[in-house]
>>> print(open('model-v6.cif').read())   # mmCIF, C-alpha atoms and all ligand atoms
data_query
#
loop_
_atom_site.group_PDB
_atom_site.id
_atom_site.type_symbol
_atom_site.label_atom_id
_atom_site.label_comp_id
_atom_site.auth_asym_id
_atom_site.auth_seq_id
_atom_site.Cartn_x
_atom_site.Cartn_y
_atom_site.Cartn_z
ATOM 1 C CA MET A 1 -24.683 12.203 -10.971
ATOM 2 C CA ARG A 2 -22.854 9.561 -8.909
ATOM 3 C CA VAL A 3 -19.708 7.768 -10.062
ATOM 4 C CA THR A 4 -20.353 4.023 -10.122
ATOM 5 C CA LYS A 5 -18.150 2.581 -12.870
ATOM 6 C CA ALA A 6 -14.426 1.952 -13.137
ATOM 7 C CA VAL A 7 -12.496 1.444 -16.368
ATOM 8 C CA ILE A 8 -9.157 -0.385 -16.229
ATOM 9 C CA PRO A 9 -7.185 -0.198 -19.496
ATOM 10 C CA ALA A 10 -5.071 -3.338 -19.866
ATOM 11 C CA ALA A 11 -4.555 -3.657 -23.607
ATOM 12 C CA GLY A 12 -1.110 -2.074 -23.943
ATOM 13 C CA PHE A 13 1.834 -4.023 -25.325
ATOM 14 C CA GLY A 14 3.837 -3.768 -22.094
ATOM 15 C CA THR A 15 7.023 -3.464 -24.148
ATOM 16 C CA ARG A 16 9.114 -2.422 -21.156
ATOM 17 C CA PHE A 17 8.529 -5.872 -19.667
ATOM 18 C CA LEU A 18 9.238 -8.048 -22.662
ATOM 19 C CA PRO A 19 9.637 -10.987 -22.932
ATOM 20 C CA VAL A 20 7.198 -11.791 -20.085
ATOM 21 C CA THR A 21 4.477 -9.640 -21.663
ATOM 22 C CA LYS A 22 4.697 -11.503 -24.967
ATOM 23 C CA ALA A 23 1.776 -13.735 -23.951
ATOM 24 C CA THR A 24 0.819 -12.349 -20.520
ATOM 25 C CA PRO A 25 -0.831 -8.980 -19.918
ATOM 26 C CA LYS A 26 1.361 -6.644 -17.840
ATOM 27 C CA GLU A 27 -1.550 -6.326 -15.401
ATOM 28 C CA MET A 28 -1.213 -10.036 -14.543
ATOM 29 C CA LEU A 29 2.374 -9.684 -13.299
ATOM 30 C CA PRO A 30 2.442 -10.436 -9.581
ATOM 31 C CA VAL A 31 3.226 -7.874 -6.949
ATOM 32 C CA VAL A 32 4.330 -10.179 -4.142
ATOM 33 C CA ASP A 33 1.613 -12.817 -4.690
ATOM 34 C CA LYS A 34 -1.324 -11.061 -6.357
ATOM 35 C CA PRO A 35 -1.573 -9.829 -9.957
ATOM 36 C CA SER A 36 -1.337 -6.046 -10.001
ATOM 37 C CA ILE A 37 -4.830 -5.748 -11.493
ATOM 38 C CA GLN A 38 -6.350 -7.344 -8.387
ATOM 39 C CA TYR A 39 -5.016 -4.533 -6.184
ATOM 40 C CA VAL A 40 -6.532 -2.048 -8.629
ATOM 41 C CA VAL A 41 -9.939 -3.770 -8.685
ATOM 42 C CA GLU A 42 -9.866 -3.899 -4.863
ATOM 43 C CA GLU A 43 -9.137 -0.171 -4.810
ATOM 44 C CA ALA A 44 -12.051 0.570 -7.165
ATOM 45 C CA VAL A 45 -14.405 -1.510 -5.019
ATOM 46 C CA GLY A 46 -13.066 0.208 -1.875
ATOM 47 C CA ALA A 47 -14.059 3.545 -3.438
ATOM 48 C CA GLY A 48 -17.591 2.255 -4.054
ATOM 49 C CA LEU A 49 -17.162 1.322 -7.732
ATOM 50 C CA ALA A 50 -18.405 -2.240 -8.060
ATOM 51 C CA ASP A 51 -18.936 -2.126 -11.837
ATOM 52 C CA VAL A 52 -15.537 -2.690 -13.415
ATOM 53 C CA VAL A 53 -14.739 -2.854 -17.107
ATOM 54 C CA VAL A 54 -11.323 -4.057 -18.190
ATOM 55 C CA ILE A 55 -10.102 -3.018 -21.647
ATOM 56 C CA THR A 56 -8.232 -5.999 -22.989
ATOM 57 C CA GLY A 57 -6.356 -6.945 -26.092
ATOM 58 C CA ARG A 58 -4.370 -10.036 -26.869
ATOM 59 C CA SER A 59 -4.123 -12.670 -24.169
ATOM 60 C CA LYS A 60 -7.215 -11.665 -22.224
ATOM 61 C CA ARG A 61 -7.851 -15.213 -20.990
ATOM 62 C CA PRO A 62 -5.669 -14.992 -17.853
ATOM 63 C CA LEU A 63 -7.399 -11.752 -16.827
ATOM 64 C CA GLU A 64 -10.874 -13.206 -17.181
ATOM 65 C CA ASP A 65 -9.870 -16.466 -15.532
ATOM 66 C CA HIS A 66 -8.422 -14.668 -12.534
ATOM 67 C CA PHE A 67 -11.746 -13.026 -11.693
ATOM 68 C CA ASP A 68 -13.734 -16.205 -12.282
ATOM 69 C CA ARG A 69 -14.083 -19.465 -10.373
ATOM 70 C CA ASN A 70 -11.538 -22.254 -10.771
ATOM 71 C CA VAL A 71 -13.759 -25.158 -9.808
ATOM 72 C CA GLU A 72 -11.070 -27.868 -10.072
ATOM 73 C CA LEU A 73 -8.627 -25.967 -7.905
ATOM 74 C CA GLU A 74 -11.382 -25.199 -5.377
ATOM 75 C CA ALA A 75 -12.219 -28.917 -5.176
ATOM 76 C CA ALA A 76 -8.562 -29.874 -4.745
ATOM 77 C CA LEU A 77 -8.024 -27.361 -1.929
ATOM 78 C CA GLU A 78 -11.308 -28.353 -0.297
ATOM 79 C CA ALA A 79 -10.309 -32.029 -0.393
ATOM 80 C CA LYS A 80 -7.052 -31.122 1.373
ATOM 81 C CA GLY A 81 -8.880 -28.967 3.899
ATOM 82 C CA ASP A 82 -6.674 -26.011 2.890
ATOM 83 C CA VAL A 83 -9.175 -23.346 3.918
ATOM 84 C CA ASP A 84 -6.718 -20.425 3.872
ATOM 85 C CA ARG A 85 -5.695 -20.964 0.257
ATOM 86 C CA LEU A 86 -9.296 -21.631 -0.698
ATOM 87 C CA ASP A 87 -10.166 -18.192 0.702
ATOM 88 C CA LEU A 88 -7.296 -16.672 -1.294
ATOM 89 C CA ILE A 89 -8.522 -18.026 -4.618
ATOM 90 C CA MET A 90 -12.178 -17.262 -3.882
ATOM 91 C CA ALA A 91 -11.425 -13.621 -2.953
ATOM 92 C CA SER A 92 -11.165 -12.434 -6.555
ATOM 93 C CA ASN A 93 -14.321 -14.251 -7.783
ATOM 94 C CA ASP A 94 -17.004 -11.947 -6.467
ATOM 95 C CA LEU A 95 -14.985 -8.819 -5.882
ATOM 96 C CA ALA A 96 -16.825 -6.771 -8.503
ATOM 97 C CA LYS A 97 -19.165 -7.058 -11.458
ATOM 98 C CA MET A 98 -16.472 -7.595 -14.086
ATOM 99 C CA HIS A 99 -16.856 -6.747 -17.781
ATOM 100 C CA TYR A 100 -14.329 -7.084 -20.597
ATOM 101 C CA ILE A 101 -14.082 -5.082 -23.800
ATOM 102 C CA ARG A 102 -11.567 -5.723 -26.561
ATOM 103 C CA GLN A 103 -9.692 -2.695 -27.812
ATOM 104 C CA GLY A 104 -8.736 -4.254 -31.154
ATOM 105 C CA ASP A 105 -5.730 -2.198 -32.187
ATOM 106 C CA ALA A 106 -3.712 -0.752 -29.297
ATOM 107 C CA LEU A 107 -3.876 2.841 -30.523
ATOM 108 C CA GLY A 108 -3.123 4.397 -27.138
ATOM 109 C CA LEU A 109 -4.549 4.975 -23.662
ATOM 110 C CA GLY A 110 -7.024 7.570 -24.952
ATOM 111 C CA HIS A 111 -8.329 5.106 -27.522
ATOM 112 C CA ALA A 112 -8.602 2.394 -24.838
ATOM 113 C CA VAL A 113 -10.791 4.705 -22.721
ATOM 114 C CA LEU A 114 -12.922 5.522 -25.780
ATOM 115 C CA THR A 115 -13.741 1.825 -26.277
ATOM 116 C CA ALA A 116 -15.568 1.929 -22.895
ATOM 117 C CA GLN A 117 -18.004 4.612 -24.110
ATOM 118 C CA HIS A 118 -20.935 2.306 -24.783
ATOM 119 C CA HIS A 119 -20.596 0.563 -21.413
ATOM 120 C CA VAL A 120 -20.120 3.772 -19.418
ATOM 121 C CA GLY A 121 -22.857 5.801 -21.161
ATOM 122 C CA ASN A 122 -23.465 9.404 -20.174
ATOM 123 C CA GLU A 123 -22.100 9.155 -16.619
ATOM 124 C CA PRO A 124 -18.932 10.283 -14.896
ATOM 125 C CA PHE A 125 -16.560 7.344 -14.397
ATOM 126 C CA ALA A 126 -13.161 6.449 -12.984
ATOM 127 C CA VAL A 127 -10.090 5.203 -14.865
ATOM 128 C CA LEU A 128 -7.426 3.257 -12.968
ATOM 129 C CA LEU A 129 -4.074 2.202 -14.422
ATOM 130 C CA GLY A 130 -2.313 -0.891 -13.124
ATOM 131 C CA ASP A 131 1.106 0.803 -13.281
ATOM 132 C CA ASP A 132 0.330 2.718 -10.099
ATOM 133 C CA LEU A 133 -0.598 0.841 -6.958
ATOM 134 C CA ILE A 134 -2.051 3.061 -4.259
ATOM 135 C CA ASP A 135 -1.893 1.905 -0.672
ATOM 136 C CA PRO A 136 -5.432 1.239 0.638
ATOM 137 C CA ARG A 137 -4.497 3.281 3.742
ATOM 138 C CA ASP A 138 -4.345 6.376 1.486
ATOM 139 C CA PRO A 139 -7.646 6.228 -0.412
ATOM 140 C CA VAL A 140 -7.213 9.033 -2.925
ATOM 141 C CA LEU A 141 -9.860 7.787 -5.369
ATOM 142 C CA ALA A 142 -12.676 8.388 -2.860
ATOM 143 C CA ARG A 143 -11.421 11.970 -2.424
ATOM 144 C CA MET A 144 -11.298 12.456 -6.209
ATOM 145 C CA ILE A 145 -14.882 11.215 -6.512
ATOM 146 C CA SER A 146 -16.027 13.641 -3.818
ATOM 147 C CA VAL A 147 -14.339 16.532 -5.681
ATOM 148 C CA ARG A 148 -16.153 15.491 -8.870
ATOM 149 C CA GLU A 149 -19.462 15.278 -6.998
ATOM 150 C CA GLN A 150 -18.919 18.736 -5.540
ATOM 151 C CA HIS A 151 -17.682 20.571 -8.651
ATOM 152 C CA GLY A 152 -18.449 18.450 -11.742
ATOM 153 C CA GLY A 153 -15.858 18.260 -14.526
ATOM 154 C CA SER A 154 -12.932 15.841 -14.433
ATOM 155 C CA VAL A 155 -10.450 15.155 -11.636
ATOM 156 C CA LEU A 156 -6.816 14.034 -11.832
ATOM 157 C CA CYS A 157 -4.484 12.646 -9.203
ATOM 158 C CA LEU A 158 -1.315 14.770 -9.016
ATOM 159 C CA MET A 159 1.871 13.907 -7.199
ATOM 160 C CA GLU A 160 5.005 15.990 -6.685
ATOM 161 C CA VAL A 161 7.993 14.167 -8.246
ATOM 162 C CA PRO A 162 11.687 15.111 -8.451
ATOM 163 C CA ARG A 163 12.158 17.491 -11.401
ATOM 164 C CA ASP A 164 14.463 15.081 -13.257
ATOM 165 C CA GLN A 165 11.688 12.454 -13.294
ATOM 166 C CA ILE A 166 8.888 14.623 -14.697
ATOM 167 C CA SER A 167 9.770 13.565 -18.255
ATOM 168 C CA LEU A 168 8.372 10.108 -17.395
ATOM 169 C CA TYR A 169 4.886 11.471 -16.699
ATOM 170 C CA GLY A 170 2.096 13.704 -17.880
ATOM 171 C CA CYS A 171 2.675 17.061 -16.188
ATOM 172 C CA ALA A 172 0.068 19.623 -15.024
ATOM 173 C CA ALA A 173 0.120 23.431 -14.915
ATOM 174 C CA THR A 174 -2.139 24.435 -12.013
ATOM 175 C CA VAL A 175 -3.521 27.281 -9.919
ATOM 176 C CA PRO A 176 -4.644 26.893 -6.294
ATOM 177 C CA THR A 177 -8.296 26.605 -5.177
ATOM 178 C CA ASP A 178 -9.888 27.226 -1.777
ATOM 179 C CA ALA A 179 -9.275 23.597 -0.754
ATOM 180 C CA PRO A 180 -5.592 23.015 0.168
ATOM 181 C CA ASP A 181 -5.484 19.564 -1.482
ATOM 182 C CA VAL A 182 -7.260 20.600 -4.710
ATOM 183 C CA VAL A 183 -5.868 22.621 -7.627
ATOM 184 C CA SER A 184 -7.400 23.799 -10.856
ATOM 185 C CA VAL A 185 -5.595 22.386 -13.909
ATOM 186 C CA THR A 186 -4.932 24.987 -16.615
ATOM 187 C CA ASP A 187 -2.761 22.915 -18.972
ATOM 188 C CA LEU A 188 -1.189 19.496 -19.395
ATOM 189 C CA VAL A 189 1.897 18.246 -21.216
ATOM 190 C CA GLU A 190 2.724 14.592 -21.871
ATOM 191 C CA LYS A 191 6.280 13.620 -20.813
ATOM 192 C CA PRO A 192 7.906 17.093 -21.049
ATOM 193 C CA ASP A 193 11.661 17.684 -20.840
ATOM 194 C CA ALA A 194 12.563 18.829 -17.320
ATOM 195 C CA GLN A 195 13.407 22.360 -18.496
ATOM 196 C CA ASP A 196 10.072 22.762 -20.355
ATOM 197 C CA ALA A 197 7.853 21.259 -17.621
ATOM 198 C CA PRO A 198 5.294 23.735 -16.220
ATOM 199 C CA SER A 199 5.574 22.151 -12.726
ATOM 200 C CA SER A 200 6.814 19.077 -10.871
ATOM 201 C CA LEU A 201 3.258 17.757 -10.569
ATOM 202 C CA ALA A 202 2.971 14.389 -12.270
ATOM 203 C CA VAL A 203 -0.329 12.864 -13.380
ATOM 204 C CA ILE A 204 -0.693 9.537 -11.566
ATOM 205 C CA GLY A 205 -2.822 6.723 -13.023
ATOM 206 C CA ARG A 206 -6.162 7.595 -11.428
ATOM 207 C CA TYR A 207 -8.783 9.725 -13.181
ATOM 208 C CA VAL A 208 -12.408 10.651 -12.609
ATOM 209 C CA LEU A 209 -13.727 11.749 -15.978
ATOM 210 C CA ASP A 210 -16.757 13.599 -17.213
ATOM 211 C CA PRO A 211 -18.449 11.697 -20.089
ATOM 212 C CA ALA A 212 -17.677 14.738 -22.272
ATOM 213 C CA VAL A 213 -14.225 13.119 -22.606
ATOM 214 C CA PHE A 214 -15.650 10.626 -25.130
ATOM 215 C CA ALA A 215 -16.581 13.251 -27.714
ATOM 216 C CA VAL A 216 -13.189 14.878 -27.247
ATOM 217 C CA LEU A 217 -11.328 11.558 -27.560
ATOM 218 C CA SER A 218 -13.196 10.660 -30.736
ATOM 219 C CA ARG A 219 -11.683 13.719 -32.434
ATOM 220 C CA THR A 220 -8.233 13.566 -30.757
ATOM 221 C CA PRO A 221 -5.504 12.779 -33.306
ATOM 222 C CA PRO A 222 -2.490 10.605 -32.413
ATOM 223 C CA GLY A 223 -0.018 12.571 -30.302
ATOM 224 C CA SER A 224 3.140 11.661 -28.386
ATOM 225 C CA GLY A 225 4.508 8.277 -29.558
ATOM 226 C CA GLY A 226 1.909 8.156 -32.372
ATOM 227 C CA GLU A 227 -0.745 7.141 -29.788
ATOM 228 C CA ILE A 228 -4.142 8.689 -29.027
ATOM 229 C CA GLN A 229 -3.266 10.219 -25.674
ATOM 230 C CA LEU A 230 -5.688 10.697 -22.786
ATOM 231 C CA THR A 231 -3.554 13.678 -21.737
ATOM 232 C CA ASP A 232 -4.354 15.487 -25.015
ATOM 233 C CA ALA A 233 -8.100 15.037 -24.433
ATOM 234 C CA LEU A 234 -7.768 16.217 -20.815
ATOM 235 C CA ARG A 235 -5.941 19.296 -21.989
ATOM 236 C CA GLU A 236 -8.906 20.143 -24.220
ATOM 237 C CA LEU A 237 -11.349 19.456 -21.359
ATOM 238 C CA ALA A 238 -9.344 21.898 -19.211
ATOM 239 C CA ARG A 239 -10.088 24.613 -21.771
ATOM 240 C CA MET A 240 -13.806 23.830 -22.132
ATOM 241 C CA THR A 241 -16.547 25.459 -20.041
ATOM 242 C CA ALA A 242 -18.404 23.698 -17.237
ATOM 243 C CA SER A 243 -21.615 23.664 -19.313
ATOM 244 C CA GLU A 244 -19.734 21.712 -22.017
ATOM 245 C CA GLY A 245 -18.569 19.141 -19.435
ATOM 246 C CA GLY A 246 -15.167 20.803 -19.214
ATOM 247 C CA GLY A 247 -13.093 21.874 -16.222
ATOM 248 C CA VAL A 248 -10.260 19.770 -14.793
ATOM 249 C CA ARG A 249 -9.180 19.736 -11.166
ATOM 250 C CA GLY A 250 -6.331 17.888 -9.528
ATOM 251 C CA VAL A 251 -6.234 16.272 -6.096
ATOM 252 C CA LEU A 252 -2.734 16.595 -4.622
ATOM 253 C CA PHE A 253 -1.659 13.184 -3.393
ATOM 254 C CA ASP A 254 1.295 12.555 -1.110
ATOM 255 C CA GLY A 255 0.346 9.103 0.141
ATOM 256 C CA ARG A 256 1.926 5.722 -0.402
ATOM 257 C CA ARG A 257 2.137 4.792 -4.069
ATOM 258 C CA TYR A 258 4.063 1.947 -5.625
ATOM 259 C CA ASP A 259 5.154 2.314 -9.224
ATOM 260 C CA THR A 260 5.102 -0.961 -11.158
ATOM 261 C CA GLY A 261 5.519 0.624 -14.606
ATOM 262 C CA ASP A 262 9.078 -0.424 -15.440
ATOM 263 C CA ARG A 263 11.328 -3.232 -14.369
ATOM 264 C CA LEU A 264 13.362 -1.437 -11.706
ATOM 265 C CA SER A 265 10.418 0.299 -10.041
ATOM 266 C CA TYR A 266 8.467 -2.968 -10.263
ATOM 267 C CA LEU A 267 11.199 -4.797 -8.346
ATOM 268 C CA GLN A 268 11.321 -1.983 -5.795
ATOM 269 C CA ALA A 269 7.522 -2.097 -5.390
ATOM 270 C CA ASN A 270 7.674 -5.834 -4.729
ATOM 271 C CA ILE A 271 10.301 -5.378 -2.034
ATOM 272 C CA LEU A 272 8.531 -2.421 -0.405
ATOM 273 C CA MET A 273 5.185 -4.208 -0.338
ATOM 274 C CA ALA A 274 6.674 -7.482 0.913
ATOM 275 C CA LEU A 275 8.450 -5.569 3.711
ATOM 276 C CA GLU A 276 5.038 -4.304 4.848
ATOM 277 C CA ARG A 277 3.597 -7.814 5.109
ATOM 278 C CA ASP A 278 3.453 -9.675 8.427
ATOM 279 C CA ASP A 279 4.106 -13.043 6.787
ATOM 280 C CA LEU A 280 7.112 -11.992 4.673
ATOM 281 C CA GLY A 281 8.401 -8.688 6.062
ATOM 282 C CA PRO A 282 10.431 -9.889 9.076
ATOM 283 C CA ALA A 283 12.313 -12.586 7.125
ATOM 284 C CA LEU A 284 12.950 -10.233 4.165
ATOM 285 C CA ARG A 285 14.145 -7.456 6.481
ATOM 286 C CA ALA A 286 16.630 -9.847 8.107
ATOM 287 C CA TRP A 287 17.832 -11.217 4.755
ATOM 288 C CA LEU A 288 18.304 -7.981 2.767
ATOM 289 C CA PRO A 289 21.356 -6.688 4.689
ATOM 290 C CA THR A 290 23.098 -10.043 4.227
ATOM 291 C CA VAL A 291 22.947 -9.728 0.423
ATOM 292 C CA LEU A 292 23.694 -6.018 0.337
ATOM 293 C CA ASP A 293 26.668 -6.259 2.671
ATOM 294 C CA PRO A 294 27.718 -9.885 3.058
ATOM 295 C CA GLU A 295 30.721 -8.876 5.200
ATOM 296 C CA GLY A 296 28.582 -6.622 7.424
ATOM 297 C CA GLY A 297 27.111 -9.174 9.793
HETATM 298 P P1 LIG A 301 1.571 2.411 -21.100
HETATM 299 O O1 LIG A 301 1.945 3.690 -21.678
HETATM 300 O O2 LIG A 301 2.169 2.025 -19.786
HETATM 301 O O3 LIG A 301 1.824 1.328 -22.221
HETATM 302 O O4 LIG A 301 -0.012 2.394 -20.980
HETATM 303 P P2 LIG A 301 2.063 -0.230 -22.160
HETATM 304 O O5 LIG A 301 1.920 -0.709 -23.534
HETATM 305 O O6 LIG A 301 1.191 -0.922 -21.158
HETATM 306 O O7 LIG A 301 3.544 -0.382 -21.610
HETATM 307 P P3 LIG A 301 4.941 -0.076 -22.345
HETATM 308 O O8 LIG A 301 5.122 1.410 -22.234
HETATM 309 O O9 LIG A 301 4.822 -0.563 -23.760
HETATM 310 O O10 LIG A 301 5.923 -0.850 -21.537
HETATM 311 C C1 LIG A 301 -0.712 2.842 -19.838
HETATM 312 C C2 LIG A 301 -1.915 1.953 -19.624
HETATM 313 O O11 LIG A 301 -2.780 2.036 -20.746
HETATM 314 C C3 LIG A 301 -3.044 0.750 -21.272
HETATM 315 C C4 LIG A 301 -1.910 -0.130 -20.814
HETATM 316 O O12 LIG A 301 -2.341 -1.475 -20.711
HETATM 317 C C5 LIG A 301 -1.557 0.485 -19.453
HETATM 318 O O13 LIG A 301 -2.382 -0.010 -18.428
HETATM 319 N N1 LIG A 301 -3.126 0.861 -22.743
HETATM 320 C C6 LIG A 301 -2.164 1.510 -23.433
HETATM 321 C C7 LIG A 301 -4.203 0.311 -23.393
HETATM 322 O O14 LIG A 301 -5.102 -0.304 -22.753
HETATM 323 N N2 LIG A 301 -4.272 0.428 -24.750
HETATM 324 C C8 LIG A 301 -3.325 1.075 -25.467
HETATM 325 O O15 LIG A 301 -3.473 1.150 -26.710
HETATM 326 C C9 LIG A 301 -2.240 1.625 -24.804
#
>>> encode(input="model-v6.cif", output="structure tokens")
Amino acid sequence: MRVTKAVIPAAGFGTRFLPVTKATPKEMLPVVDKPSIQYVVEEAVGAGLADVVVITGRSKRPLEDHFDRNVELEAALEAKGDVDRLDLIMASNDLAKMHYIRQGDALGLGHAVLTAQHHVGNEPFAVLLGDDLIDPRDPVLARMISVREQHGGSVLCLMEVPRDQISLYGCAATVPTDAPDVVSVTDLVEKPDAQDAPSSLAVIGRYVLDPAVFAVLSRTPPGSGGEIQLTDALRELARMTASEGGGVRGVLFDGRRYDTGDRLSYLQANILMALERDDLGPALRAWLPTVLDPEGG
């Protein structure tokens, strides 16, 4: 069965970014000049997933408004003949077929995914987290979907990280498969201490999930941090047989990824992505050395 739907959980508290996330979803924070969720929706659409459901909580208005028309602003830009900016604001209107589901209580990422069950139905689907921005030149989601279509089961995106950073991520124990970029996942641990981690392979925020995950999530108790963890459900799926919808593979990703999950990496992502841009990169590149080493020039 083909993968056609994307789920984007955006109902977390975003505590690492307070106070800005007090009334604004973390996914609306700009990376250069677009909210991070727009990059993620563009990525989903680029992978052929035009049906997008966003799991929201408090302050969902800005998210919905961003993917809808702003008729007054359109009229104002049209009156000024500002075609370029008009194109910019229109770009997010018809990007995808957008749906919104309220999570209610933010009981964890696993619980957020479970709230999409009715919309997704009995089909495999993708989950994309706004904390990880993947460069469109390295389209890993399309590869993950092809692995799902070939083998069934669920597929994770795994990235080698320095050992001392593995405690920030879900971590996978794996064995190789015949394909050099695909591994079979035998176990998963959420945010392990470096010395207990089964590998340096971190789970990045892209998933292609078998619908069997819903039944597993509905019986998954709160885990790490008192939250219903997607990692715990994936660990159970890894132990289940293919006929039960189990089996978890990982696609090894070494492409360009920008982490926007905490304040420092968010600032770094903004700088890295602005440096890549034709309109901002040259001026930023010339300016950075003057602040880093004012005496240098
Ligand atoms: P995080 O663990 O990054 O949590 O969630 P958070 O609340 O957004 O951020 P911090 O850690 O408090 O700073 C990973 C993703 O899962 C979503 C978040 O919106 C984020 O995209 N999420 C998390 C939900 O949708 N619901 C939840 O109950 C928890």
>>> residues_around(input="model-v6.cif", residues="Glu276 of chain A", least_positions_apart="5", cutoff="12 Å", atoms="all atoms listed in the file", output="list in words")
Val32, Asp135, Arg256, Ala269, Asn270, Ile271, Gly281, Pro282, Ala283, Leu284 and Arg285 of chain A
>>> atom_distance(input="model-v6.cif", atom1="atom CA of Arg239 of chain A", atom2="atom CA of Thr177 of chain A")
16.8 Å
>>> residues_near_ligand(input="model-v6.cif", ligand="ligand LIG 301 (chain A)", cutoff="9 Å", atoms="only C-alpha atoms and all ligand atoms", output="PDB file with C-alpha atoms, in the coordinates of the input")
ATOM      1  CA  ILE A   8      -9.157  -0.385 -16.229  1.00  0.00           C
ATOM      2  CA  PRO A   9      -7.185  -0.198 -19.496  1.00  0.00           C
ATOM      3  CA  ALA A  10      -5.071  -3.338 -19.866  1.00  0.00           C
ATOM      4  CA  ALA A  11      -4.555  -3.657 -23.607  1.00  0.00           C
ATOM      5  CA  GLY A  12      -1.110  -2.074 -23.943  1.00  0.00           C
ATOM      6  CA  PHE A  13       1.834  -4.023 -25.325  1.00  0.00           C
ATOM      7  CA  GLY A  14       3.837  -3.768 -22.094  1.00  0.00           C
ATOM      8  CA  THR A  15       7.023  -3.464 -24.148  1.00  0.00           C
ATOM      9  CA  ARG A  16       9.114  -2.422 -21.156  1.00  0.00           C
ATOM     10  CA  PHE A  17       8.529  -5.872 -19.667  1.00  0.00           C
ATOM     11  CA  LEU A  18       9.238  -8.048 -22.662  1.00  0.00           C
ATOM     12  CA  THR A  21       4.477  -9.640 -21.663  1.00  0.00           C
ATOM     13  CA  PRO A  25      -0.831  -8.980 -19.918  1.00  0.00           C
ATOM     14  CA  LYS A  26       1.361  -6.644 -17.840  1.00  0.00           C
ATOM     15  CA  GLU A  27      -1.550  -6.326 -15.401  1.00  0.00           C
ATOM     16  CA  VAL A  54     -11.323  -4.057 -18.190  1.00  0.00           C
ATOM     17  CA  ILE A  55     -10.102  -3.018 -21.647  1.00  0.00           C
ATOM     18  CA  THR A  56      -8.232  -5.999 -22.989  1.00  0.00           C
ATOM     19  CA  GLY A  57      -6.356  -6.945 -26.092  1.00  0.00           C
ATOM     20  CA  GLN A 103      -9.692  -2.695 -27.812  1.00  0.00           C
ATOM     21  CA  GLY A 104      -8.736  -4.254 -31.154  1.00  0.00           C
ATOM     22  CA  ASP A 105      -5.730  -2.198 -32.187  1.00  0.00           C
ATOM     23  CA  ALA A 106      -3.712  -0.752 -29.297  1.00  0.00           C
ATOM     24  CA  LEU A 107      -3.876   2.841 -30.523  1.00  0.00           C
ATOM     25  CA  GLY A 108      -3.123   4.397 -27.138  1.00  0.00           C
ATOM     26  CA  LEU A 109      -4.549   4.975 -23.662  1.00  0.00           C
ATOM     27  CA  GLY A 110      -7.024   7.570 -24.952  1.00  0.00           C
ATOM     28  CA  HIS A 111      -8.329   5.106 -27.522  1.00  0.00           C
ATOM     29  CA  ALA A 112      -8.602   2.394 -24.838  1.00  0.00           C
ATOM     30  CA  VAL A 113     -10.791   4.705 -22.721  1.00  0.00           C
ATOM     31  CA  LEU A 128      -7.426   3.257 -12.968  1.00  0.00           C
ATOM     32  CA  LEU A 129      -4.074   2.202 -14.422  1.00  0.00           C
ATOM     33  CA  GLY A 130      -2.313  -0.891 -13.124  1.00  0.00           C
ATOM     34  CA  ASP A 131       1.106   0.803 -13.281  1.00  0.00           C
ATOM     35  CA  GLY A 205      -2.822   6.723 -13.023  1.00  0.00           C
ATOM     36  CA  GLU A 227      -0.745   7.141 -29.788  1.00  0.00           C
ATOM     37  CA  ILE A 228      -4.142   8.689 -29.027  1.00  0.00           C
ATOM     38  CA  GLN A 229      -3.266  10.219 -25.674  1.00  0.00           C
ATOM     39  CA  GLY A 261       5.519   0.624 -14.606  1.00  0.00           C
ATOM     40  CA  ASP A 262       9.078  -0.424 -15.440  1.00  0.00           C
TER      41      ASP A 262
END
>>> closest_residue(input="model-v6.cif", among="A:Pro176, A:Pro35, A:Pro162, A:Gly250", to="Leu234 of chain A", atoms="all atoms listed in the file")
A:Gly250
>>> atom_distance(input="model-v6.cif", atom1="atom CA of Met1 of chain A", atom2="atom CA of Gly152 of chain A")
8.9 Å
>>> closest_residue(input="model-v6.cif", among="A:Ser184, A:Ser199, A:Ser92, A:Thr174", to="Val155 of chain A", atoms="all atoms listed in the file")
A:Ser184
>>> resolve_selection(input="model-v6.cif", expression="the PyMOL selection byres (((chain A and resi 181) around 6) and not hetatm)", output="VMD selection string")
chain A and resid 179 to 180 182 251 to 252
>>> atom_distance(input="model-v6.cif", atom1="atom CA of Met98 of chain A", atom2="atom CA of Val52 of chain A")
5.0 Å
>>> closest_residue(input="model-v6.cif", among="A:Val41, A:Val147, A:Ala194, A:Leu188", to="Leu168 of chain A", atoms="only C-alpha atoms")
A:Ala194
>>> residues_near_point(input="model-v6.cif", point="(-21.5, 15.2, -17.2)", cutoff="10 Å", atoms="all atoms listed in the file", output="list in words")
Met1, Asn122, Glu123, Pro124, Phe125, Arg148, Gly152, Gly153, Ser154, Leu209, Asp210, Pro211, Ala212, Val213, Ala242, Ser243, Glu244, Gly245 and Gly246 of chain A
>>> residues_around(input="model-v6.cif", residues="Asp132 of chain A", least_positions_apart="5", cutoff="12 Å", atoms="only C-alpha atoms", output="ChimeraX atom specification")
/A:8,27,31,36-37,39-40,43,127,157,159,169,203-207,256-262,265-266,269
>>> closest_residue(input="model-v6.cif", among="A:Gly46, A:Pro62, A:Gly121, A:Pro30", to="Pro136 of chain A", atoms="all atoms listed in the file")
A:Gly46
>>> residues_around(input="model-v6.cif", residues="Thr4 of chain A", least_positions_apart="2", cutoff="10 Å", atoms="all atoms listed in the file", output="ChimeraX atom specification")
/A:1-2,6,44-45,47-52,120,123-126,145
>>> decode(input="model-v6.cif", residues="segment 190-197 of chain A", atoms="C-alpha atoms", output="mmCIF file, in the first residue's frame")
data_model
loop_
_atom_site.group_PDB
_atom_site.id
_atom_site.type_symbol
_atom_site.label_atom_id
_atom_site.label_comp_id
_atom_site.auth_asym_id
_atom_site.auth_seq_id
_atom_site.Cartn_x
_atom_site.Cartn_y
_atom_site.Cartn_z
ATOM 1 C CA GLU A 190 15.394 6.823 24.334
ATOM 2 C CA LYS A 191 18.187 9.259 25.320
ATOM 3 C CA PRO A 192 20.687 6.707 26.732
ATOM 4 C CA ASP A 193 23.815 7.670 28.677
ATOM 5 C CA ALA A 194 26.834 7.537 26.356
ATOM 6 C CA GLN A 195 28.277 4.479 28.124
ATOM 7 C CA ASP A 196 24.986 2.520 27.871
ATOM 8 C CA ALA A 197 24.192 3.446 24.242
#
